[in-house]
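Trainee: This is target-v9.tsv (TSV, C-alpha atoms and all ligand atoms).
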chain	number	residue	atom	x	y	z
A	21	MET	CA	-208.08	199.29	-35.34
A	22	CYS	CA	-206.32	195.98	-34.76
A	23	VAL	CA	-203.40	194.83	-32.63
A	24	GLY	CA	-200.99	192.16	-33.89
A	25	ARG	CA	-198.78	189.76	-31.92
A	26	ASN	CA	-200.32	190.56	-28.54
A	27	TYR	CA	-200.16	186.99	-27.14
A	28	VAL	CA	-196.71	185.41	-26.86
A	29	ALA	CA	-197.78	181.88	-27.86
A	30	HIS	CA	-199.48	183.17	-31.02
A	31	ALA	CA	-196.50	185.36	-31.98
A	32	ARG	CA	-194.29	182.27	-31.72
A	33	GLU	CA	-196.60	179.97	-33.69
A	34	LEU	CA	-196.11	182.29	-36.69
A	35	GLY	CA	-192.36	182.57	-36.07
A	36	ASN	CA	-192.42	186.06	-34.53
A	37	GLU	CA	-191.35	187.61	-31.25
A	38	LEU	CA	-193.44	190.05	-29.21
A	39	PRO	CA	-192.96	193.66	-30.34
A	40	ASP	CA	-191.59	196.29	-27.94
A	41	LYS	CA	-194.67	198.44	-28.48
A	42	PRO	CA	-198.17	197.48	-29.66
A	43	LEU	CA	-198.15	196.55	-33.35
A	44	ILE	CA	-201.23	198.16	-34.88
A	45	PHE	CA	-202.98	198.00	-38.25
A	46	LEU	CA	-206.40	198.80	-39.71
A	47	LYS	CA	-209.28	196.86	-41.17
A	48	PRO	CA	-211.70	198.83	-43.37
A	49	PRO	CA	-215.32	199.39	-42.24
A	50	SER	CA	-216.43	197.50	-45.36
A	51	SER	CA	-214.95	194.30	-43.90
A	52	VAL	CA	-217.44	194.33	-41.00
A	53	VAL	CA	-220.32	191.85	-40.98
A	54	ALA	CA	-222.78	190.80	-38.29
A	55	ASP	CA	-223.59	187.49	-36.67
A	56	GLY	CA	-224.89	185.02	-39.25
A	57	ALA	CA	-223.53	186.74	-42.35
A	58	PRO	CA	-221.24	184.62	-44.55
A	59	ILE	CA	-217.47	185.01	-44.64
A	60	ILE	CA	-216.71	184.96	-48.36
A	61	LEU	CA	-213.39	183.36	-49.37
A	62	PRO	CA	-211.73	185.59	-51.99
A	63	PRO	CA	-210.22	183.97	-55.11
A	64	ASP	CA	-206.94	185.84	-54.40
A	65	SER	CA	-206.10	183.65	-51.39
A	66	ALA	CA	-205.57	179.92	-50.84
A	67	GLN	CA	-205.15	180.24	-47.05
A	68	VAL	CA	-207.83	182.16	-45.17
A	69	GLU	CA	-207.63	181.75	-41.37
A	70	HIS	CA	-209.72	182.60	-38.31
A	71	GLU	CA	-208.43	184.84	-35.51
A	72	GLY	CA	-210.80	184.97	-32.55
A	73	GLU	CA	-210.34	188.20	-30.60
A	74	ILE	CA	-211.71	190.35	-27.79
A	75	ALA	CA	-212.94	193.63	-29.27
A	76	VAL	CA	-213.04	196.90	-27.32
A	77	VAL	CA	-215.84	199.29	-28.36
A	78	ILE	CA	-215.10	202.98	-27.76
A	79	GLY	CA	-217.85	204.97	-26.04
A	80	ARG	CA	-216.85	208.59	-26.71
A	81	ARG	CA	-214.17	210.67	-28.36
A	82	THR	CA	-210.81	209.47	-27.05
A	83	ARG	CA	-207.70	211.58	-27.54
A	84	GLN	CA	-204.43	211.37	-25.63
A	85	VAL	CA	-205.87	209.65	-22.56
A	86	SER	CA	-203.71	208.14	-19.85
A	87	GLU	CA	-203.69	204.43	-19.12
A	88	ALA	CA	-205.35	205.21	-15.77
A	89	ASP	CA	-208.25	207.02	-17.47
A	90	ALA	CA	-208.56	204.76	-20.51
A	91	LEU	CA	-211.32	202.43	-19.31
A	92	GLY	CA	-213.62	205.43	-18.84
A	93	PHE	CA	-213.73	205.73	-22.63
A	94	VAL	CA	-214.70	202.10	-23.24
A	95	ALA	CA	-218.41	201.42	-23.86
A	96	GLY	CA	-218.17	197.67	-24.00
A	97	TYR	CA	-216.68	194.50	-25.36
A	98	ALA	CA	-217.62	192.20	-28.24
A	99	PRO	CA	-216.46	188.97	-29.87
A	100	LEU	CA	-214.62	189.59	-33.16
A	101	ASN	CA	-213.07	187.45	-35.89
A	102	ASP	CA	-210.00	189.08	-37.49
A	103	VAL	CA	-210.23	186.91	-40.63
A	104	THR	CA	-206.86	186.89	-42.39
A	105	ALA	CA	-205.54	185.74	-45.77
A	106	ARG	CA	-202.33	184.29	-44.29
A	107	ASP	CA	-200.62	183.71	-47.64
A	108	LEU	CA	-201.18	187.33	-48.66
A	109	GLN	CA	-200.05	188.55	-45.22
A	110	ARG	CA	-196.74	186.75	-45.76
A	111	ALA	CA	-196.43	188.07	-49.31
A	112	ASP	CA	-196.98	191.75	-48.50
A	113	ASN	CA	-194.93	194.14	-46.36
A	114	GLN	CA	-198.09	195.52	-44.81
A	115	TRP	CA	-201.37	193.77	-44.14
A	116	THR	CA	-204.11	195.91	-45.67
A	117	ARG	CA	-204.84	193.39	-48.42
A	118	ALA	CA	-204.58	190.29	-46.20
A	119	LYS	CA	-206.88	191.75	-43.55
A	120	GLY	CA	-209.17	193.95	-45.61
A	121	PHE	CA	-211.42	191.82	-47.81
A	122	ASP	CA	-215.18	192.30	-47.58
A	123	THR	CA	-216.67	190.07	-44.83
A	124	PHE	CA	-213.28	189.65	-43.07
A	125	CYS	CA	-214.43	191.28	-39.82
A	126	PRO	CA	-217.42	189.57	-38.17
A	127	ILE	CA	-218.38	191.37	-34.95
A	128	GLY	CA	-220.96	190.27	-32.37
A	129	ALA	CA	-223.20	192.44	-30.21
A	130	THR	CA	-221.52	194.79	-27.73
A	131	VAL	CA	-221.72	193.87	-24.06
A	132	PRO	CA	-221.62	196.92	-21.74
A	133	ALA	CA	-218.28	197.30	-19.96
A	134	ALA	CA	-219.84	198.28	-16.62
A	135	GLY	CA	-219.14	195.65	-14.00
A	136	ILE	CA	-216.68	193.67	-16.14
A	137	ASP	CA	-213.04	193.39	-15.05
A	138	TRP	CA	-211.26	193.36	-18.43
A	139	ARG	CA	-208.60	190.96	-17.11
A	140	THR	CA	-211.25	188.24	-16.77
A	141	LEU	CA	-212.39	188.45	-20.40
A	142	GLU	CA	-211.83	185.24	-22.31
A	143	VAL	CA	-212.19	184.48	-26.01
A	144	VAL	CA	-212.90	181.06	-27.51
A	145	CYS	CA	-212.91	180.26	-31.23
A	146	ARG	CA	-214.54	177.11	-32.59
A	147	VAL	CA	-214.72	175.74	-36.14
A	148	ASN	CA	-217.59	173.32	-36.77
A	149	GLY	CA	-218.05	173.05	-33.00
A	150	GLN	CA	-214.42	172.11	-32.30
A	151	GLU	CA	-212.40	174.44	-30.07
A	152	ARG	CA	-209.36	175.88	-31.87
A	153	GLN	CA	-208.40	178.92	-29.78
A	154	ARG	CA	-208.80	180.08	-26.18
A	155	GLY	CA	-207.16	183.07	-24.55
A	156	ARG	CA	-207.62	185.39	-21.58
A	157	ALA	CA	-207.09	189.13	-21.57
A	158	ASP	CA	-204.65	188.83	-18.66
A	159	GLN	CA	-202.32	186.90	-21.03
A	160	MET	CA	-202.02	189.87	-23.39
A	161	ALA	CA	-198.59	191.42	-23.84
A	162	PHE	CA	-200.27	194.86	-23.76
A	163	GLY	CA	-203.49	195.05	-21.74
A	164	ILE	CA	-206.65	196.89	-22.75
A	165	PRO	CA	-206.00	200.17	-20.82
A	166	HIS	CA	-202.51	200.35	-22.33
A	167	LEU	CA	-203.84	199.73	-25.86
A	168	VAL	CA	-206.55	202.41	-25.61
A	169	SER	CA	-204.07	204.95	-24.23
A	170	TYR	CA	-201.35	204.07	-26.75
A	171	ILE	CA	-203.63	204.31	-29.79
A	172	SER	CA	-205.25	207.52	-28.51
A	173	HIS	CA	-201.83	209.19	-28.58
A	174	ILE	CA	-201.59	208.36	-32.31
A	175	MET	CA	-205.12	209.08	-33.51
A	176	THR	CA	-208.41	210.31	-32.13
A	177	LEU	CA	-210.85	207.47	-31.54
A	178	GLU	CA	-214.56	208.15	-32.01
A	179	GLU	CA	-217.67	206.65	-30.44
A	180	GLY	CA	-218.27	203.26	-32.02
A	181	ASP	CA	-214.69	202.69	-33.10
A	182	VAL	CA	-213.51	199.15	-32.41
A	183	ILE	CA	-210.11	197.88	-31.27
A	184	ALA	CA	-209.42	194.19	-31.96
A	185	THR	CA	-206.93	193.28	-29.26
A	186	GLY	CA	-205.04	190.40	-30.90
A	187	THR	CA	-205.52	186.67	-31.16
A	188	PRO	CA	-204.29	183.82	-28.95
A	189	GLU	CA	-202.55	180.75	-30.37
A	190	GLY	CA	-204.35	178.19	-32.51
A	191	VAL	CA	-205.10	180.11	-35.70
A	192	GLY	CA	-206.01	177.83	-38.59
A	193	PRO	CA	-207.73	177.49	-41.95
A	194	LEU	CA	-211.32	178.22	-42.91
A	195	ARG	CA	-212.89	176.30	-45.80
A	196	ALA	CA	-216.16	176.63	-47.66
A	197	GLY	CA	-218.89	174.90	-45.67
A	198	ASP	CA	-217.26	175.57	-42.28
A	199	VAL	CA	-219.07	177.43	-39.53
A	200	VAL	CA	-216.77	179.53	-37.32
A	201	GLU	CA	-217.80	181.06	-34.02
A	202	VAL	CA	-216.04	183.41	-31.63
A	203	GLU	CA	-217.40	183.48	-28.09
A	204	LEU	CA	-216.73	186.11	-25.43
A	205	ILE	CA	-216.77	184.99	-21.80
A	206	ALA	CA	-216.25	186.72	-18.45
A	207	GLY	CA	-217.11	184.01	-15.95
A	208	GLU	CA	-220.37	183.61	-17.86
A	209	ARG	CA	-221.02	183.56	-21.59
A	210	LEU	CA	-221.39	187.18	-22.77
A	211	GLY	CA	-221.93	186.77	-26.50
A	212	CYS	CA	-221.00	185.01	-29.69
A	213	VAL	CA	-220.53	185.78	-33.38
A	214	ARG	CA	-221.12	182.77	-35.64
A	215	ASN	CA	-220.60	182.86	-39.40
A	216	PRO	CA	-220.74	180.33	-42.23
A	217	VAL	CA	-217.86	180.27	-44.71
A	218	THR	CA	-218.65	180.31	-48.43
A	219	ASP	CA	-216.74	180.34	-51.69
A	220	HIS	CA	-216.57	183.52	-53.71
B	301	MG	MG	-205.60	189.54	-35.37
Let me see whether you can do it: turn the structure in this file into structure tokens.
Mentor:
Amino acid sequence: MCVGRNYVAHARELGNELPDKPLIFLKPPSSVVADGAPIILPPDSAQVEHEGEIAVVIGRRTRQVSEADALGFVAGYAPLNDVTARDLQRADNQWTRAKGFDTFCPIGATVPAAGIDWRTLEVVCRVNGQERQRGRADQMAFGIPHLVSYISHIMTLEEGDVIATGTPEGVGPLRAGDVVEVELIAGERLGCVRNPVTDH
């Protein structure tokens, strides 16, 4: 499950306003790859972009939970790259194609949520070692407890399900030969997912 337009500066950089309620969409499980696996650029797109995000990993079945109870259903956090074919996103009314190609969802190892204040989580995205994006969870339009509660009133979440919580400003292109990394920080470095980019 993914959340769109959850940081005001990113919404504006693509010419959008913040939505009144969380804007949610799905990426297919077949888009998921691990640290080190290549992101494969599909021939259908001429503009594939990185979106570094904080991912929430669900710990147990979550259905219609309140915002106050929501964090009790979170197992941990992980760095995630919501790779997006921006040209196809603009062309389509919904984003399944733009967001759903194989290899378009690199996810790093899960860091246990215990002892982490979600508001202090920070995500950094670098391309070829150069910082392109940085955002903190306390800048989100809809915070993590709200997102978990909101989504759980639409659909049941299962253990291992992942919520990508939206990307901060600074999205930009990925080209063959690039190496893109998304790092998760909470005071200290918690984890990183780093992937080379290759042509189809
Ligand atoms: Mg995204």
Trainee: Between A:Pro132, A:Pro188, A:Gly180, A:Pro48, which one has atoms that come closest to ligand MG 301 (chain B), using only C-alpha atoms and all ligand atoms?
Mentor: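 Residue with the minimum atom-to-atom distance to ligand MG 301 (chain B): A:Pro188.
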Trainee: Closest to Ser51 in chain A among A:Gln109, A:Asn26, A:Thr123, A:Ser86, using all atoms listed in the file?
Mentor: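 Smallest separation from Ser51 in chain A among the options: A:Thr123.
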Trainee: As a list in words, please: the residues near range 61-75 of chain A (cut-off 6 Å, only C-alpha atoms, same-chain neighbours under 4 positions excluded).
Mentor: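 Residues near the query, excluding close chain neighbours: Tyr97, Ala98, Pro99, Leu100, Asn101, Asp102, Val103, Thr104, Ala105, Arg106, Asp107, Cys145, Ile183, Ala184, Thr185, Gly186, Thr187, Val191, Gly192, Pro193, Leu194, Val202, Asp219 and His220 of chain A.
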Trainee: Expressed in Å to a single decimal, how great is the separation between CA of Pro126 in chain A and CA of Val147 in chain A?
Mentor: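 Result for CA of Pro126 in chain A versus CA of Val147 in chain A: 14.2 Å, one decimal.
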Trainee: Which of these residues is nearest to ligand MG 301 (chain B), using all atoms listed in the file: A:Glu189, A:Gln150, A:Pro39, A:Pro58?
Mentor: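 Using all atoms listed in the file, ligand MG 301 (chain B) sits closest to A:Glu189.
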Trainee: Compare A:Val77, A:Val85, A:Gly190, A:Trp138 by their minimum atom-to-atom distance to ligand MG 301 (chain B), counting only C-alpha atoms and all ligand atoms, and give me the closest one.
Mentor: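 When distances to ligand MG 301 (chain B) are compared using only C-alpha atoms and all ligand atoms, the smallest one comes from A:Gly190.
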Trainee: Quote the spacing between CA of Glu179 in chain A and CA of Ala57 in chain A in Å to one decimal place.
Mentor: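 That distance, rounded to one decimal, is 23.9 Å.
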Trainee: Name all residues at most 10 Å from range 164-170 of chain A (count only C-alpha atoms; drop same-chain ones fewer than 5 positions away) and give them as number ranges by chain.
Mentor: A: 22-23, 41-44, 74-76, 78, 82-94, 138-139, 157-158, 175, 177, 183-185
Trainee: How many Å lie between CA of Leu108 in chain A and CA of Arg32 in chain A, rounded to one decimal?
Mentor: 19.0 Å
Trainee: Quick one: of A:Ala31, A:Ala54, A:Leu38, A:Ala133, who's nearest to ligand MG 301 (chain B), counting only C-alpha atoms and all ligand atoms?
Mentor: A:Ala31
Trainee: Restricting the calculation to all atoms listed in the file, which member of A:Gly207, A:Ala95, A:Gly56, A:Trp115 is positioned closest to ligand MG 301 (chain B)?
Mentor: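 Comparing A:Gly207, A:Ala95, A:Gly56, A:Trp115 against ligand MG 301 (chain B), the winner is A:Trp115.
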Trainee: Can you tell me which residues surround Val53 in chain A at a distance of at most 9 Å, considering only C-alpha atoms, apart from same-chain residues fewer than 6 positions away, and format the answer as a list in words?
Mentor: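 The residues that qualify are Ile59, Asp122, Thr123, Phe124, Cys125, Pro126, Ile127 and Gly128 of chain A.
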Trainee: Please return range 24-48 of chain A, rebuilt to N, CA, C and O atoms, as a tab-separated table (two decimals), keeping the file's coordinate frame.
Mentor:
chain	number	residue	atom	x	y	z
A	24	GLY	N	-201.60	193.42	-33.50
A	24	GLY	CA	-200.99	192.16	-33.89
A	24	GLY	C	-200.01	191.68	-32.84
A	24	GLY	O	-199.46	192.46	-32.07
A	25	ARG	N	-199.82	190.37	-32.79
A	25	ARG	CA	-198.78	189.76	-31.92
A	25	ARG	C	-198.91	190.23	-30.47
A	25	ARG	O	-197.94	190.70	-29.87
A	26	ASN	N	-200.10	190.09	-29.91
A	26	ASN	CA	-200.32	190.56	-28.54
A	26	ASN	C	-200.41	189.40	-27.54
A	26	ASN	O	-200.66	189.64	-26.37
A	27	TYR	N	-200.24	188.16	-28.03
A	27	TYR	CA	-200.16	186.99	-27.14
A	27	TYR	C	-198.88	186.25	-27.53
A	27	TYR	O	-198.66	185.94	-28.71
A	28	VAL	N	-198.04	185.95	-26.55
A	28	VAL	CA	-196.71	185.41	-26.86
A	28	VAL	C	-196.80	184.09	-27.61
A	28	VAL	O	-196.05	183.85	-28.57
A	29	ALA	N	-197.72	183.21	-27.22
A	29	ALA	CA	-197.78	181.88	-27.86
A	29	ALA	C	-198.21	182.00	-29.32
A	29	ALA	O	-197.76	181.23	-30.17
A	30	HIS	N	-199.08	182.97	-29.62
A	30	HIS	CA	-199.48	183.17	-31.02
A	30	HIS	C	-198.35	183.79	-31.83
A	30	HIS	O	-198.11	183.40	-32.98
A	31	ALA	N	-197.64	184.77	-31.26
A	31	ALA	CA	-196.50	185.36	-31.98
A	31	ALA	C	-195.53	184.25	-32.38
A	31	ALA	O	-195.06	184.18	-33.52
A	32	ARG	N	-195.27	183.33	-31.45
A	32	ARG	CA	-194.29	182.27	-31.72
A	32	ARG	C	-194.80	181.27	-32.74
A	32	ARG	O	-194.02	180.73	-33.53
A	33	GLU	N	-196.12	180.99	-32.74
A	33	GLU	CA	-196.60	179.97	-33.69
A	33	GLU	C	-196.46	180.46	-35.14
A	33	GLU	O	-196.43	179.64	-36.05
A	34	LEU	N	-196.35	181.77	-35.34
A	34	LEU	CA	-196.11	182.29	-36.69
A	34	LEU	C	-194.65	182.70	-36.88
A	34	LEU	O	-194.30	183.35	-37.86
A	35	GLY	N	-193.78	182.32	-35.93
A	35	GLY	CA	-192.36	182.57	-36.07
A	35	GLY	C	-191.94	183.98	-35.74
A	35	GLY	O	-190.90	184.46	-36.20
A	36	ASN	N	-192.71	184.68	-34.90
A	36	ASN	CA	-192.42	186.06	-34.53
A	36	ASN	C	-192.16	186.18	-33.04
A	36	ASN	O	-192.57	185.33	-32.25
A	37	GLU	N	-191.49	187.26	-32.66
A	37	GLU	CA	-191.35	187.61	-31.25
A	37	GLU	C	-192.36	188.71	-30.91
A	37	GLU	O	-192.93	189.34	-31.80
A	38	LEU	N	-192.57	188.94	-29.61
A	38	LEU	CA	-193.44	190.05	-29.21
A	38	LEU	C	-192.78	191.37	-29.56
A	38	LEU	O	-191.57	191.53	-29.38
A	39	PRO	N	-193.54	192.33	-30.06
A	39	PRO	CA	-192.96	193.66	-30.34
A	39	PRO	C	-192.74	194.43	-29.04
A	39	PRO	O	-193.31	194.12	-28.00
A	40	ASP	N	-191.86	195.44	-29.11
A	40	ASP	CA	-191.59	196.29	-27.94
A	40	ASP	C	-192.76	197.20	-27.61
A	40	ASP	O	-192.96	197.58	-26.46
A	41	LYS	N	-193.48	197.60	-28.65
A	41	LYS	CA	-194.67	198.44	-28.48
A	41	LYS	C	-195.81	197.76	-29.23
A	41	LYS	O	-195.56	196.94	-30.12
A	42	PRO	N	-197.06	198.10	-28.93
A	42	PRO	CA	-198.17	197.48	-29.66
A	42	PRO	C	-198.00	197.64	-31.17
A	42	PRO	O	-197.66	198.73	-31.66
A	43	LEU	N	-198.21	196.55	-31.89
A	43	LEU	CA	-198.15	196.55	-33.35
A	43	LEU	C	-199.57	196.73	-33.86
A	43	LEU	O	-200.43	195.88	-33.61
A	44	ILE	N	-199.84	197.86	-34.53
A	44	ILE	CA	-201.23	198.16	-34.88
A	44	ILE	C	-201.41	198.25	-36.40
A	44	ILE	O	-200.49	198.59	-37.13
A	45	PHE	N	-202.61	197.91	-36.83
A	45	PHE	CA	-202.98	198.00	-38.25
A	45	PHE	C	-204.48	198.23	-38.32
A	45	PHE	O	-205.18	198.20	-37.31
A	46	LEU	N	-204.98	198.47	-39.53
A	46	LEU	CA	-206.40	198.80	-39.71
A	46	LEU	C	-207.11	197.76	-40.55
A	46	LEU	O	-206.52	197.18	-41.47
A	47	LYS	N	-208.37	197.55	-40.25
A	47	LYS	CA	-209.28	196.86	-41.17
A	47	LYS	C	-210.31	197.89	-41.63
A	47	LYS	O	-210.73	198.74	-40.84
A	48	PRO	N	-210.75	197.83	-42.89
A	48	PRO	CA	-211.70	198.83	-43.37
A	48	PRO	C	-213.12	198.55	-42.85
A	48	PRO	O	-213.48	197.39	-42.60
